[in-house]
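Report on the structure given below.
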Amino acid sequence: MRLKYSLLYILVASLMAPMLPGCSMLPGWNGKETEALRLQVQRLEARLQALELKPDQVSEAVAKARAAVAFVWGTYTFIDSTGRPLHHVLDEAGEPISDAQGVPLVDVTGTGLVAVTRYSATAFLVDGKGHLLTNRHVAEPWWEDESSAPLLAAGFRPVFIQLRAFFQERTDGVLIEVLRVDAEQDLALVRTVGWVPSAQPLNVPDHPPELREGQPVFLVGYPTGLDAVVARLEYKEQAELEKATGNNGYAKALLLAQRQQLRPSITGGFL
């Protein structure tokens, strides 16, 4: 970062050199152009000062955000009007049947396992009562989902099998329930059940302060699910995790939480 600053200051110095006391202006320059350049340099200096954050401030902000951000794990299926869930359709050999596009065939009369959809997402704590904000497509993963549209049109109803949130202060997932979803925006409000996080919630002001150029921005969450979490582990740890959990995503998240390795990805930048 300092190298970038130094290069920029060298560039600024080279531009300012013709205007230093005792030096002549560049040929063809007038007073307005000189003043415009002076203002530009002032703005550049202001941006550089805005970028010079104290390390302890950054660490404090990141630690607070990490504690308030939750990893969400969910599974759901569809049931008919009598409550029968969809099952995979099997062939004579007992193997699941798929259509020409490779999509598994499902039906309430199927003899295979219940057809379950699994997904993961991010939510963040917004108060001291266990309320979290997330996306509507997290609270209702079938919302605007092309693969779910035919089932919904046929009268099938989605039901959650599992919906849990993992916090840094716990070694297991906590049950969450959906309270409200926005009718138009991809926003939803959920709440923990039977337990309230002690983490300091993230502030969501009614009237956000004016954004400033050079203001720091941190992105904290699980945009790639468990992939980025596992990728940060040592190769030996990855192998042990895979051996212990296989393709069971929830078991994998649970083991990572118990080892205090279920941490969100954090990237940063400046406006």
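Starting from 1 in every chain, residues are counted up; chains themselves are A, B, ... following the order of the structure tokens, and ligands are numbered from 1 as listed.
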Compile the contact shell of stretch 146-149 of chain A as a ChimeraX atom specification: residues with an atom at most 12 Å away, counting only C-alpha atoms, same-chain residues fewer than 3 positions apart removed. /A:76-78,103-104,117,140-143,152-158
Write out, as a PDB file, in the first residue's frame, the residues just selected, with N, CA and C atoms.
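Result written to result23.pdb:
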ATOM      1  N   TYR A  76     -34.742 -28.450   2.081  1.00  0.00           N
ATOM      2  CA  TYR A  76     -36.195 -28.429   1.956  1.00  0.00           C
ATOM      3  C   TYR A  76     -36.648 -29.417   0.891  1.00  0.00           C
ATOM      4  N   THR A  77     -37.934 -29.726   0.917  1.00  0.00           N
ATOM      5  CA  THR A  77     -38.534 -30.586  -0.084  1.00  0.00           C
ATOM      6  C   THR A  77     -39.911 -30.035  -0.416  1.00  0.00           C
ATOM      7  N   PHE A  78     -40.630 -30.729  -1.273  1.00  0.00           N
ATOM      8  CA  PHE A  78     -41.986 -30.334  -1.642  1.00  0.00           C
ATOM      9  C   PHE A  78     -42.952 -31.448  -1.264  1.00  0.00           C
ATOM     10  N   VAL A 103     -31.817 -34.112 -15.151  1.00  0.00           N
ATOM     11  CA  VAL A 103     -32.554 -33.738 -13.939  1.00  0.00           C
ATOM     12  C   VAL A 103     -33.226 -34.979 -13.361  1.00  0.00           C
ATOM     13  N   PRO A 104     -32.989 -35.292 -12.085  1.00  0.00           N
ATOM     14  CA  PRO A 104     -33.600 -36.476 -11.475  1.00  0.00           C
ATOM     15  C   PRO A 104     -35.132 -36.396 -11.497  1.00  0.00           C
ATOM     16  N   THR A 117     -33.479 -30.629  -1.430  1.00  0.00           N
ATOM     17  CA  THR A 117     -32.601 -29.587  -1.969  1.00  0.00           C
ATOM     18  C   THR A 117     -31.815 -28.976  -0.820  1.00  0.00           C
ATOM     19  N   GLU A 140     -36.761 -18.000   1.403  1.00  0.00           N
ATOM     20  CA  GLU A 140     -37.627 -18.751   0.505  1.00  0.00           C
ATOM     21  C   GLU A 140     -36.803 -19.153  -0.722  1.00  0.00           C
ATOM     22  N   PRO A 141     -35.979 -20.185  -0.605  1.00  0.00           N
ATOM     23  CA  PRO A 141     -35.059 -20.542  -1.690  1.00  0.00           C
ATOM     24  C   PRO A 141     -35.747 -20.938  -2.991  1.00  0.00           C
ATOM     25  N   TRP A 142     -37.011 -21.223  -2.931  1.00  0.00           N
ATOM     26  CA  TRP A 142     -37.776 -21.568  -4.140  1.00  0.00           C
ATOM     27  C   TRP A 142     -38.301 -20.316  -4.854  1.00  0.00           C
ATOM     28  N   TRP A 143     -38.121 -19.142  -4.236  1.00  0.00           N
ATOM     29  CA  TRP A 143     -38.581 -17.881  -4.836  1.00  0.00           C
ATOM     30  C   TRP A 143     -37.779 -17.579  -6.096  1.00  0.00           C
ATOM     31  N   LEU A 152     -44.437 -25.720  -7.978  1.00  0.00           N
ATOM     32  CA  LEU A 152     -45.369 -24.776  -7.357  1.00  0.00           C
ATOM     33  C   LEU A 152     -46.634 -24.644  -8.192  1.00  0.00           C
ATOM     34  N   ALA A 153     -46.473 -24.609  -9.507  1.00  0.00           N
ATOM     35  CA  ALA A 153     -47.625 -24.492 -10.401  1.00  0.00           C
ATOM     36  C   ALA A 153     -48.522 -25.726 -10.317  1.00  0.00           C
ATOM     37  N   ALA A 154     -47.923 -26.879 -10.008  1.00  0.00           N
ATOM     38  CA  ALA A 154     -48.693 -28.118  -9.906  1.00  0.00           C
ATOM     39  C   ALA A 154     -49.362 -28.286  -8.550  1.00  0.00           C
ATOM     40  N   GLY A 155     -49.165 -27.312  -7.660  1.00  0.00           N
ATOM     41  CA  GLY A 155     -49.830 -27.363  -6.364  1.00  0.00           C
ATOM     42  C   GLY A 155     -49.005 -27.932  -5.231  1.00  0.00           C
ATOM     43  N   PHE A 156     -47.732 -28.230  -5.497  1.00  0.00           N
ATOM     44  CA  PHE A 156     -46.877 -28.730  -4.416  1.00  0.00           C
ATOM     45  C   PHE A 156     -46.448 -27.570  -3.514  1.00  0.00           C
ATOM     46  N   ARG A 157     -46.253 -27.875  -2.240  1.00  0.00           N
ATOM     47  CA  ARG A 157     -45.897 -26.851  -1.250  1.00  0.00           C
ATOM     48  C   ARG A 157     -44.502 -27.124  -0.692  1.00  0.00           C
ATOM     49  N   PRO A 158     -43.628 -26.100  -0.665  1.00  0.00           N
ATOM     50  CA  PRO A 158     -42.287 -26.304  -0.113  1.00  0.00           C
ATOM     51  C   PRO A 158     -42.307 -26.309   1.414  1.00  0.00           C
TER      52      PRO A 158
END
Contacts of stretch 244-261 of chain A at 8 Å (only C-alpha atoms; same-chain gap of 5+ positions) as a list in words: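 Neighbouring residues, sequence-local ones excluded: Trp73, Phe166, Gln168, Arg170, Thr171, Asp172, Gly173, Leu226 and Val229 of chain A.
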Once you have the residues from the selection above, write them out as a short mmCIF file (atom, residue, chain, number, x, y, z; two decimals), in the first residue's frame, restricted to N, CA and C atoms.
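selection-v1.cif, written as the output of this step:
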data_model
loop_
_atom_site.label_atom_id
_atom_site.label_comp_id
_atom_site.auth_asym_id
_atom_site.auth_seq_id
_atom_site.Cartn_x
_atom_site.Cartn_y
_atom_site.Cartn_z
N TRP A 73 -27.47 -22.77 6.85
CA TRP A 73 -27.60 -24.04 6.17
C TRP A 73 -29.07 -24.43 6.12
N PHE A 166 -25.14 -20.71 11.93
CA PHE A 166 -23.93 -20.94 12.72
C PHE A 166 -23.28 -19.60 13.03
N GLN A 168 -20.02 -17.58 15.38
CA GLN A 168 -18.67 -17.81 15.87
C GLN A 168 -18.65 -18.26 17.33
N ARG A 170 -20.71 -20.25 18.86
CA ARG A 170 -21.31 -21.56 19.09
C ARG A 170 -20.54 -22.63 18.34
N THR A 171 -20.65 -23.86 18.85
CA THR A 171 -20.02 -24.98 18.18
C THR A 171 -21.04 -25.84 17.45
N ASP A 172 -22.27 -25.36 17.35
CA ASP A 172 -23.31 -26.06 16.59
C ASP A 172 -24.26 -25.03 15.99
N GLY A 173 -25.15 -25.49 15.14
CA GLY A 173 -26.09 -24.60 14.50
C GLY A 173 -27.33 -24.37 15.36
N LEU A 226 -19.32 -23.38 1.69
CA LEU A 226 -18.20 -23.93 2.46
C LEU A 226 -16.92 -24.03 1.63
N VAL A 229 -14.22 -21.70 2.81
CA VAL A 229 -13.82 -22.08 4.17
C VAL A 229 -12.86 -23.26 4.13
#
Length of the atom CA of A:Leu163 to atom CA of A:Gly74 vector [Å]: 4.3 Å
I'd like the contact shell of A:Ala70 - 8 Å cut-off, only C-alpha atoms, skipping same-chain residues fewer than 4 positions apart - returned as a list in words.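 The neighbour list is Thr122, Ala123, Phe124, Leu125, Ala165, Phe166, Phe167, Gln168 and Gly221 of chain A.
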Find the spatial neighbours of A:Trp195, counting only C-alpha atoms, within a cut-off of 9 Å - ignore same-chain residues fewer than 5 positions away - and output them as an NGL selection string. :A and (130 or 174-175)
Which is closer to A:Lys64 than all the others in A:Gly128, A:Gly225, A:Pro201, A:Gly83, using only C-alpha atoms?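 Among the listed residues, the smallest separation from A:Lys64 belongs to A:Pro201.
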With DSSP run on the backbone, what are the helix (DSSP H, G or I) residues within stretch 10-213 of chain A? I'd like them as number ranges by chain. A: 10-19, 31-51, 55-68, 136-139, 149-153
Now that the selection is made, can you save its residues with N, CA and C atoms as a compact mmCIF listing (two decimals), in the first residue's frame?
# COMPACT_ATOMS: atom_id res chain seq x y z
N ILE A 10 5.02 10.56 -6.28
CA ILE A 10 6.01 10.88 -7.31
C ILE A 10 5.34 11.49 -8.52
N LEU A 11 4.17 10.90 -8.89
CA LEU A 11 3.42 11.44 -10.02
C LEU A 11 2.95 12.85 -9.73
N VAL A 12 2.42 13.07 -8.54
CA VAL A 12 1.94 14.40 -8.16
C VAL A 12 3.09 15.39 -8.16
N ALA A 13 4.23 14.96 -7.61
CA ALA A 13 5.38 15.85 -7.55
C ALA A 13 5.85 16.25 -8.93
N SER A 14 5.82 15.31 -9.86
CA SER A 14 6.25 15.62 -11.21
C SER A 14 5.31 16.60 -11.89
N LEU A 15 4.00 16.49 -11.54
CA LEU A 15 3.04 17.43 -12.11
C LEU A 15 3.17 18.81 -11.49
N MET A 16 3.52 18.84 -10.21
CA MET A 16 3.57 20.10 -9.49
C MET A 16 4.89 20.84 -9.71
N ALA A 17 5.91 20.13 -10.18
CA ALA A 17 7.24 20.73 -10.29
C ALA A 17 7.25 22.04 -11.06
N PRO A 18 6.54 22.17 -12.19
CA PRO A 18 6.59 23.43 -12.91
C PRO A 18 5.97 24.58 -12.15
N MET A 19 5.21 24.30 -11.07
CA MET A 19 4.53 25.38 -10.37
C MET A 19 5.20 25.74 -9.06
N GLY A 31 -3.56 30.56 -15.80
CA GLY A 31 -3.84 30.52 -14.37
C GLY A 31 -4.96 29.56 -14.01
N LYS A 32 -5.99 29.44 -14.84
CA LYS A 32 -7.12 28.55 -14.54
C LYS A 32 -6.68 27.09 -14.55
N GLU A 33 -5.83 26.74 -15.52
CA GLU A 33 -5.34 25.36 -15.57
C GLU A 33 -4.47 25.04 -14.37
N THR A 34 -3.70 26.01 -13.96
CA THR A 34 -2.85 25.82 -12.79
C THR A 34 -3.69 25.62 -11.53
N GLU A 35 -4.72 26.43 -11.38
CA GLU A 35 -5.60 26.32 -10.22
C GLU A 35 -6.34 24.99 -10.23
N ALA A 36 -6.77 24.54 -11.42
CA ALA A 36 -7.47 23.27 -11.53
C ALA A 36 -6.56 22.12 -11.10
N LEU A 37 -5.30 22.18 -11.50
CA LEU A 37 -4.34 21.15 -11.13
C LEU A 37 -4.07 21.17 -9.63
N ARG A 38 -4.00 22.38 -9.07
CA ARG A 38 -3.76 22.50 -7.62
C ARG A 38 -4.91 21.86 -6.85
N LEU A 39 -6.15 22.09 -7.28
CA LEU A 39 -7.31 21.49 -6.62
C LEU A 39 -7.31 19.98 -6.78
N GLN A 40 -6.89 19.52 -7.94
CA GLN A 40 -6.83 18.08 -8.17
C GLN A 40 -5.84 17.42 -7.22
N VAL A 41 -4.70 18.07 -7.03
CA VAL A 41 -3.69 17.54 -6.12
C VAL A 41 -4.22 17.51 -4.69
N GLN A 42 -4.97 18.55 -4.30
CA GLN A 42 -5.55 18.59 -2.96
C GLN A 42 -6.53 17.42 -2.77
N ARG A 43 -7.31 17.15 -3.81
CA ARG A 43 -8.26 16.04 -3.70
C ARG A 43 -7.53 14.71 -3.59
N LEU A 44 -6.44 14.57 -4.35
CA LEU A 44 -5.66 13.35 -4.26
C LEU A 44 -5.07 13.16 -2.86
N GLU A 45 -4.59 14.24 -2.27
CA GLU A 45 -4.04 14.15 -0.92
C GLU A 45 -5.12 13.78 0.09
N ALA A 46 -6.34 14.32 -0.10
CA ALA A 46 -7.44 14.00 0.80
C ALA A 46 -7.80 12.52 0.71
N ARG A 47 -7.76 11.98 -0.52
CA ARG A 47 -8.06 10.56 -0.69
C ARG A 47 -7.01 9.70 0.00
N LEU A 48 -5.75 10.08 -0.14
CA LEU A 48 -4.68 9.31 0.49
C LEU A 48 -4.82 9.31 2.01
N GLN A 49 -5.18 10.45 2.57
CA GLN A 49 -5.37 10.53 4.02
C GLN A 49 -6.53 9.65 4.46
N ALA A 50 -7.59 9.58 3.64
CA ALA A 50 -8.75 8.75 3.98
C ALA A 50 -8.39 7.27 3.96
N LEU A 51 -7.42 6.90 3.13
CA LEU A 51 -7.02 5.51 3.02
C LEU A 51 -6.13 5.05 4.16
N PRO A 55 -4.45 0.26 11.87
CA PRO A 55 -4.66 -1.19 11.86
C PRO A 55 -5.62 -1.67 12.93
N ASP A 56 -5.57 -1.06 14.12
CA ASP A 56 -6.44 -1.52 15.20
C ASP A 56 -7.90 -1.23 14.89
N GLN A 57 -8.18 -0.14 14.18
CA GLN A 57 -9.55 0.17 13.80
C GLN A 57 -10.09 -0.86 12.81
N VAL A 58 -9.25 -1.25 11.87
CA VAL A 58 -9.65 -2.26 10.89
C VAL A 58 -9.91 -3.59 11.59
N SER A 59 -9.01 -3.99 12.47
CA SER A 59 -9.16 -5.27 13.17
C SER A 59 -10.41 -5.29 14.02
N GLU A 60 -10.70 -4.19 14.68
CA GLU A 60 -11.89 -4.11 15.53
C GLU A 60 -13.17 -4.23 14.69
N ALA A 61 -13.21 -3.54 13.56
CA ALA A 61 -14.38 -3.58 12.69
C ALA A 61 -14.59 -4.98 12.13
N VAL A 62 -13.52 -5.62 11.71
CA VAL A 62 -13.60 -6.96 11.14
C VAL A 62 -14.04 -7.98 12.19
N ALA A 63 -13.50 -7.89 13.39
CA ALA A 63 -13.87 -8.82 14.47
C ALA A 63 -15.35 -8.69 14.82
N LYS A 64 -15.85 -7.46 14.86
CA LYS A 64 -17.26 -7.23 15.16
C LYS A 64 -18.14 -7.81 14.08
N ALA A 65 -17.77 -7.58 12.82
CA ALA A 65 -18.57 -8.08 11.71
C ALA A 65 -18.56 -9.60 11.67
N ARG A 66 -17.40 -10.20 11.90
CA ARG A 66 -17.29 -11.66 11.86
C ARG A 66 -18.21 -12.30 12.90
N ALA A 67 -18.27 -11.72 14.08
CA ALA A 67 -19.09 -12.30 15.15
C ALA A 67 -20.58 -12.19 14.84
N ALA A 68 -20.98 -11.16 14.10
CA ALA A 68 -22.40 -10.93 13.83
C ALA A 68 -22.89 -11.61 12.56
N ARG A 136 -34.31 -12.73 0.52
CA ARG A 136 -35.56 -13.49 0.38
C ARG A 136 -35.27 -14.86 -0.22
N HIS A 137 -34.31 -14.93 -1.15
CA HIS A 137 -34.02 -16.23 -1.77
C HIS A 137 -33.32 -17.17 -0.78
N VAL A 138 -32.99 -16.68 0.40
CA VAL A 138 -32.47 -17.53 1.47
C VAL A 138 -33.63 -18.00 2.35
N ALA A 139 -34.52 -17.07 2.69
CA ALA A 139 -35.69 -17.41 3.51
C ALA A 139 -36.70 -18.23 2.72
N ALA A 149 -40.48 -23.73 -10.07
CA ALA A 149 -41.70 -23.16 -10.66
C ALA A 149 -42.72 -24.22 -11.09
N PRO A 150 -42.31 -25.29 -11.81
CA PRO A 150 -43.31 -26.30 -12.21
C PRO A 150 -43.96 -26.99 -11.02
N LEU A 151 -43.20 -27.24 -9.96
CA LEU A 151 -43.76 -27.90 -8.78
C LEU A 151 -44.78 -27.00 -8.09
N LEU A 152 -44.44 -25.72 -7.98
CA LEU A 152 -45.37 -24.78 -7.36
C LEU A 152 -46.63 -24.64 -8.19
N ALA A 153 -46.47 -24.61 -9.51
CA ALA A 153 -47.62 -24.49 -10.40
C ALA A 153 -48.52 -25.73 -10.32
Find the distance between atom CA of A:Gly94 and atom CA of A:Thr111 and write it in Å to one decimal.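 That distance, rounded to one decimal, is 8.7 Å.
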